[in-house]
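Shown next: run_20.cif, containing mmCIF, C-alpha atoms and all ligand atoms.
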data_my_file
loop_
_atom_site.label_atom_id
_atom_site.label_comp_id
_atom_site.auth_asym_id
_atom_site.auth_seq_id
_atom_site.Cartn_x
_atom_site.Cartn_y
_atom_site.Cartn_z
CA MET A 1 0.00 0.00 0.00
CA GLY A 2 1.04 3.59 -0.14
CA VAL A 3 1.89 5.66 -3.11
CA GLU A 4 4.72 4.91 -5.49
CA LEU A 5 6.38 8.26 -5.92
CA LYS A 6 7.79 8.61 -9.36
CA ARG A 7 11.13 9.95 -8.30
CA PRO A 8 12.75 11.20 -5.12
CA TYR A 9 12.56 14.77 -6.37
CA MET A 10 13.10 16.25 -2.98
CA PHE A 11 16.69 15.19 -2.80
CA GLU A 12 17.31 16.28 -6.34
CA LYS A 13 15.88 19.72 -5.97
CA GLY A 14 13.98 21.79 -3.52
CA ALA A 15 14.03 19.72 -0.36
CA PHE A 16 16.71 21.80 1.27
CA ASP A 17 14.79 25.00 0.56
CA LEU A 18 11.46 23.53 1.59
CA MET A 19 12.89 22.62 4.98
CA GLU A 20 14.42 26.08 5.16
CA ARG A 21 10.92 27.50 4.73
CA CYS A 22 9.65 25.16 7.47
CA MET A 23 12.28 26.57 9.81
CA GLU A 24 11.15 30.11 9.01
CA LEU A 25 7.58 29.07 9.76
CA ALA A 26 8.70 27.42 13.01
CA LYS A 27 10.05 30.74 14.20
CA MET A 28 6.59 32.30 13.75
CA SER A 29 5.06 29.80 16.17
CA LYS A 30 3.18 30.77 19.27
CA GLY A 31 4.79 28.46 21.81
CA VAL A 32 6.89 25.47 20.81
CA ALA A 33 8.56 26.32 17.50
CA VAL A 34 7.38 23.87 14.86
CA GLY A 35 6.83 24.65 11.20
CA ALA A 36 5.23 22.52 8.51
CA LEU A 37 4.23 22.67 4.88
CA VAL A 38 2.65 20.47 2.28
CA ALA A 39 4.56 20.29 -1.00
CA GLY A 40 3.04 19.09 -4.24
CA PRO A 41 4.53 16.47 -6.57
CA GLU A 42 6.85 18.99 -8.23
CA GLY A 43 8.01 20.46 -4.94
CA GLU A 44 5.65 23.43 -5.09
CA ILE A 45 4.30 24.72 -1.76
CA VAL A 46 0.59 23.97 -1.40
CA SER A 47 0.09 25.16 2.18
CA GLU A 48 1.95 26.16 5.30
CA GLY A 49 1.45 26.16 9.06
CA PHE A 50 3.13 26.90 12.34
CA ASN A 51 2.37 25.91 15.90
CA ASP A 52 -0.29 27.74 17.86
CA ARG A 53 -0.15 26.81 21.52
CA SER A 54 -3.81 27.66 22.10
CA SER A 55 -4.85 24.14 21.07
CA PRO A 56 -3.21 20.80 20.24
CA PHE A 57 -5.49 20.76 17.19
CA LEU A 58 -3.41 23.67 15.96
CA HIS A 59 -0.16 21.80 15.53
CA ALA A 60 1.80 23.12 12.55
CA GLU A 61 1.25 19.93 10.55
CA ALA A 62 -2.49 19.86 11.28
CA ILE A 63 -2.85 23.45 10.09
CA ALA A 64 -0.86 22.79 6.92
CA ILE A 65 -2.90 19.66 6.14
CA ARG A 66 -6.18 21.49 6.78
CA ARG A 67 -5.18 24.31 4.45
CA ALA A 68 -3.99 21.86 1.80
CA GLN A 69 -7.36 20.11 1.97
CA GLU A 70 -9.06 23.39 1.11
CA LYS A 71 -6.99 23.54 -2.09
CA LEU A 72 -6.64 19.88 -3.05
CA GLY A 73 -9.73 18.26 -1.62
CA ALA A 74 -9.49 15.28 0.69
CA GLU A 75 -8.34 12.97 -2.10
CA GLY A 76 -5.64 15.20 -3.51
CA PHE A 77 -2.66 14.34 -1.36
CA LYS A 78 -1.20 11.40 -3.27
CA GLY A 79 2.24 12.38 -4.44
CA CYS A 80 2.41 15.19 -1.88
CA THR A 81 5.01 15.50 0.85
CA LEU A 82 4.50 16.81 4.36
CA PHE A 83 7.60 18.65 5.49
CA CYS A 84 7.93 19.50 9.20
CA THR A 85 10.69 20.60 11.51
CA LEU A 86 9.73 18.07 14.20
CA GLU A 87 8.70 14.44 13.98
CA PRO A 88 4.88 14.46 13.85
CA CYS A 89 2.84 13.38 16.88
CA PRO A 90 0.30 10.52 16.62
CA MET A 91 -2.51 12.95 15.76
CA CYS A 92 -0.68 14.63 12.90
CA ALA A 93 0.87 11.42 11.57
CA GLY A 94 -2.61 9.89 11.67
CA ALA A 95 -4.07 12.85 9.80
CA ALA A 96 -1.35 12.59 7.15
CA LEU A 97 -2.29 8.95 6.60
CA LEU A 98 -6.01 9.63 6.48
CA PHE A 99 -5.34 12.11 3.69
CA LYS A 100 -3.08 9.61 1.93
CA MET A 101 0.01 11.76 2.06
CA GLY A 102 2.69 10.19 -0.09
CA ARG A 103 5.64 11.11 2.05
CA ILE A 104 6.58 12.66 5.39
CA VAL A 105 9.93 14.43 5.76
CA PHE A 106 10.85 15.79 9.15
CA GLY A 107 13.83 17.43 10.82
CA ALA A 108 14.25 16.76 14.52
CA TRP A 109 13.33 13.42 16.10
CA ASP A 110 10.94 13.54 19.05
CA GLU A 111 12.05 10.79 21.38
CA GLU A 112 9.24 11.57 23.82
CA GLY A 113 6.22 11.73 21.57
CA GLY A 114 7.21 11.15 17.96
CA ALA A 115 4.98 8.93 15.87
CA CYS A 116 7.12 8.43 12.76
CA GLY A 117 9.70 6.03 14.09
CA SER A 118 10.72 7.23 17.57
CA VAL A 119 8.02 6.17 20.01
CA TRP A 120 5.45 4.94 17.49
CA ASP A 121 5.60 4.38 13.79
CA VAL A 122 2.13 5.36 12.66
CA PRO A 123 2.86 5.79 8.92
CA ARG A 124 4.28 2.31 8.51
CA GLN A 125 2.88 0.28 11.38
CA ALA A 126 -0.69 -0.48 10.43
CA PRO A 127 -1.06 -3.86 8.74
CA GLY A 128 -3.64 -2.51 6.31
CA GLY A 129 -4.50 0.83 4.81
CA TRP A 130 -2.37 3.68 3.59
CA LYS A 131 1.34 3.81 4.27
CA ALA A 132 3.53 6.84 3.76
CA GLU A 133 7.20 6.98 2.96
CA VAL A 134 9.13 8.57 5.85
CA VAL A 135 12.43 10.45 5.85
CA GLY A 136 13.52 11.50 9.33
CA GLY A 137 16.36 13.69 10.55
CA PHE A 138 16.58 15.83 7.42
CA ARG A 139 18.38 19.02 8.57
CA GLY A 140 17.62 17.69 12.04
CA ALA A 141 20.30 19.52 14.00
CA GLU A 142 19.15 22.92 12.73
CA CYS A 143 15.51 22.11 13.40
CA SER A 144 16.15 20.97 16.96
CA GLU A 145 18.19 24.10 17.61
CA ILE A 146 15.14 26.24 16.74
CA LEU A 147 13.02 24.05 18.99
CA LYS A 148 15.43 24.39 21.91
CA GLU A 149 15.55 28.16 21.53
CA SER A 150 11.76 28.33 21.75
CA PHE A 151 11.73 26.25 24.93
CA LYS A 152 14.24 28.66 26.46
CA SER A 153 12.18 31.72 25.58
CA MET A 154 9.00 30.11 26.96
CA ARG A 155 10.51 29.70 30.44
ZN ZN B 201 0.94 16.99 15.98
#

Step by step, read the file and then write its structure as C-alpha cells.
Amino acid sequence: MGVELKRPYMFEKGAFDLMERCMELAKMSKGVAVGALVAGPEGEIVSEGFNDRSSPFLHAEAIAIRRAQEKLGAEGFKGCTLFCTLEPCPMCAGAALLFKMGRIVFGAWDEEGGACGSVWDVPRQAPGGWKAEVVGGFRGAECSEILKESFKSMR
C-alpha cells in the first residue's frame, strides 16, 4: 500500500529550501517552534502552518494539512510530501495517513512523543490501509536548535 512516488525529487531539488521554509515558519510559532508545509509532486508549496499553543489541534502539521485540503480536496494528497521541523505526533501522523500523504519528511526526532519512528511508527505500522514513505532527521540539527531556543524563551 502507499503511493509509489515517481522519483525522489526532494533530494534532487527543492528539499533543502522547503525545509528552510519550514524553519522560518517554526520561528513564527506561538509556543513550541514547529513549522510545517505540504509540497506538491513537483516540490511546489501547497500550504503552510506553524504551531499555535492555544490548542493541540493547531499543531503546525495539522494546520498545513487542513489548508492543503481546502486547495486539493481530501483525495488530492497522493504524491504530496509533508515537510515539518519536528517528527509528527500521533494525531498529525494519523491525519497525514487519512489524507493519503505520499511522504513525510521531518527534521528533529521527538524521542518523547514522535509517531514516525521514535516512540510509534504510525505511517508504517498499520497492517492494512495507507502507508507513507518517511524520511527523518533531514536538517535535524538545525531544526532541533530552533526548537530548543523556543523552549528557552518560553521559560
Ligand atoms: Zn501533531

Among the residues A:Val105, A:Ala115, A:Leu25, A:Ala141, the one that comes closest to ligand ZN 201 (chain B) [using all atoms listed in the file]: A:Ala115

Surrounding residues as a PyMOL selection string, ligand ZN 201 (chain B), max 7 Å, all atoms listed in the file: chain A and resi 59+61-62+88-92

Nearest to Ser47 in chain A, chosen from A:Cys80, A:Val34, A:Ile146, A:Glu20, with only C-alpha atoms counted in the distances: A:Cys80

With all atoms listed in the file as the counted atoms, please give the residues lying no more than 10 Å from Phe106 in chain A, apart from itself and same-chain residues fewer than 6 positions off, as a PDB file with C-alpha atoms, keeping the file's coordinate frame.
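This went into result-v1.pdb:
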ATOM      1  CA  MET A  19      12.890  22.620   4.980  1.00  0.00           C
ATOM      2  CA  CYS A  22       9.650  25.160   7.470  1.00  0.00           C
ATOM      3  CA  GLY A  35       6.830  24.650  11.200  1.00  0.00           C
ATOM      4  CA  ALA A  36       5.230  22.520   8.510  1.00  0.00           C
ATOM      5  CA  LEU A  82       4.500  16.810   4.360  1.00  0.00           C
ATOM      6  CA  PHE A  83       7.600  18.650   5.490  1.00  0.00           C
ATOM      7  CA  CYS A  84       7.930  19.500   9.200  1.00  0.00           C
ATOM      8  CA  THR A  85      10.690  20.600  11.510  1.00  0.00           C
ATOM      9  CA  LEU A  86       9.730  18.070  14.200  1.00  0.00           C
ATOM     10  CA  GLU A  87       8.700  14.440  13.980  1.00  0.00           C
ATOM     11  CA  PRO A  88       4.880  14.460  13.850  1.00  0.00           C
ATOM     12  CA  CYS A 116       7.120   8.430  12.760  1.00  0.00           C
ATOM     13  CA  VAL A 134       9.130   8.570   5.850  1.00  0.00           C
ATOM     14  CA  VAL A 135      12.430  10.450   5.850  1.00  0.00           C
ATOM     15  CA  GLY A 136      13.520  11.500   9.330  1.00  0.00           C
ATOM     16  CA  GLY A 137      16.360  13.690  10.550  1.00  0.00           C
ATOM     17  CA  PHE A 138      16.580  15.830   7.420  1.00  0.00           C
ATOM     18  CA  ARG A 139      18.380  19.020   8.570  1.00  0.00           C
ATOM     19  CA  GLY A 140      17.620  17.690  12.040  1.00  0.00           C
ATOM     20  CA  CYS A 143      15.510  22.110  13.400  1.00  0.00           C
TER      21      CYS A 143
END

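Between CA of Gly43 in chain A and CA of Gly14 in chain A lies a distance of 6.3 Å.
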
Between CA of Gly40 in chain A and CA of Met28 in chain A, distance in Å (one decimal):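 If I compute the distance from CA of Gly40 in chain A to CA of Met28 in chain A, I get 22.6 Å.
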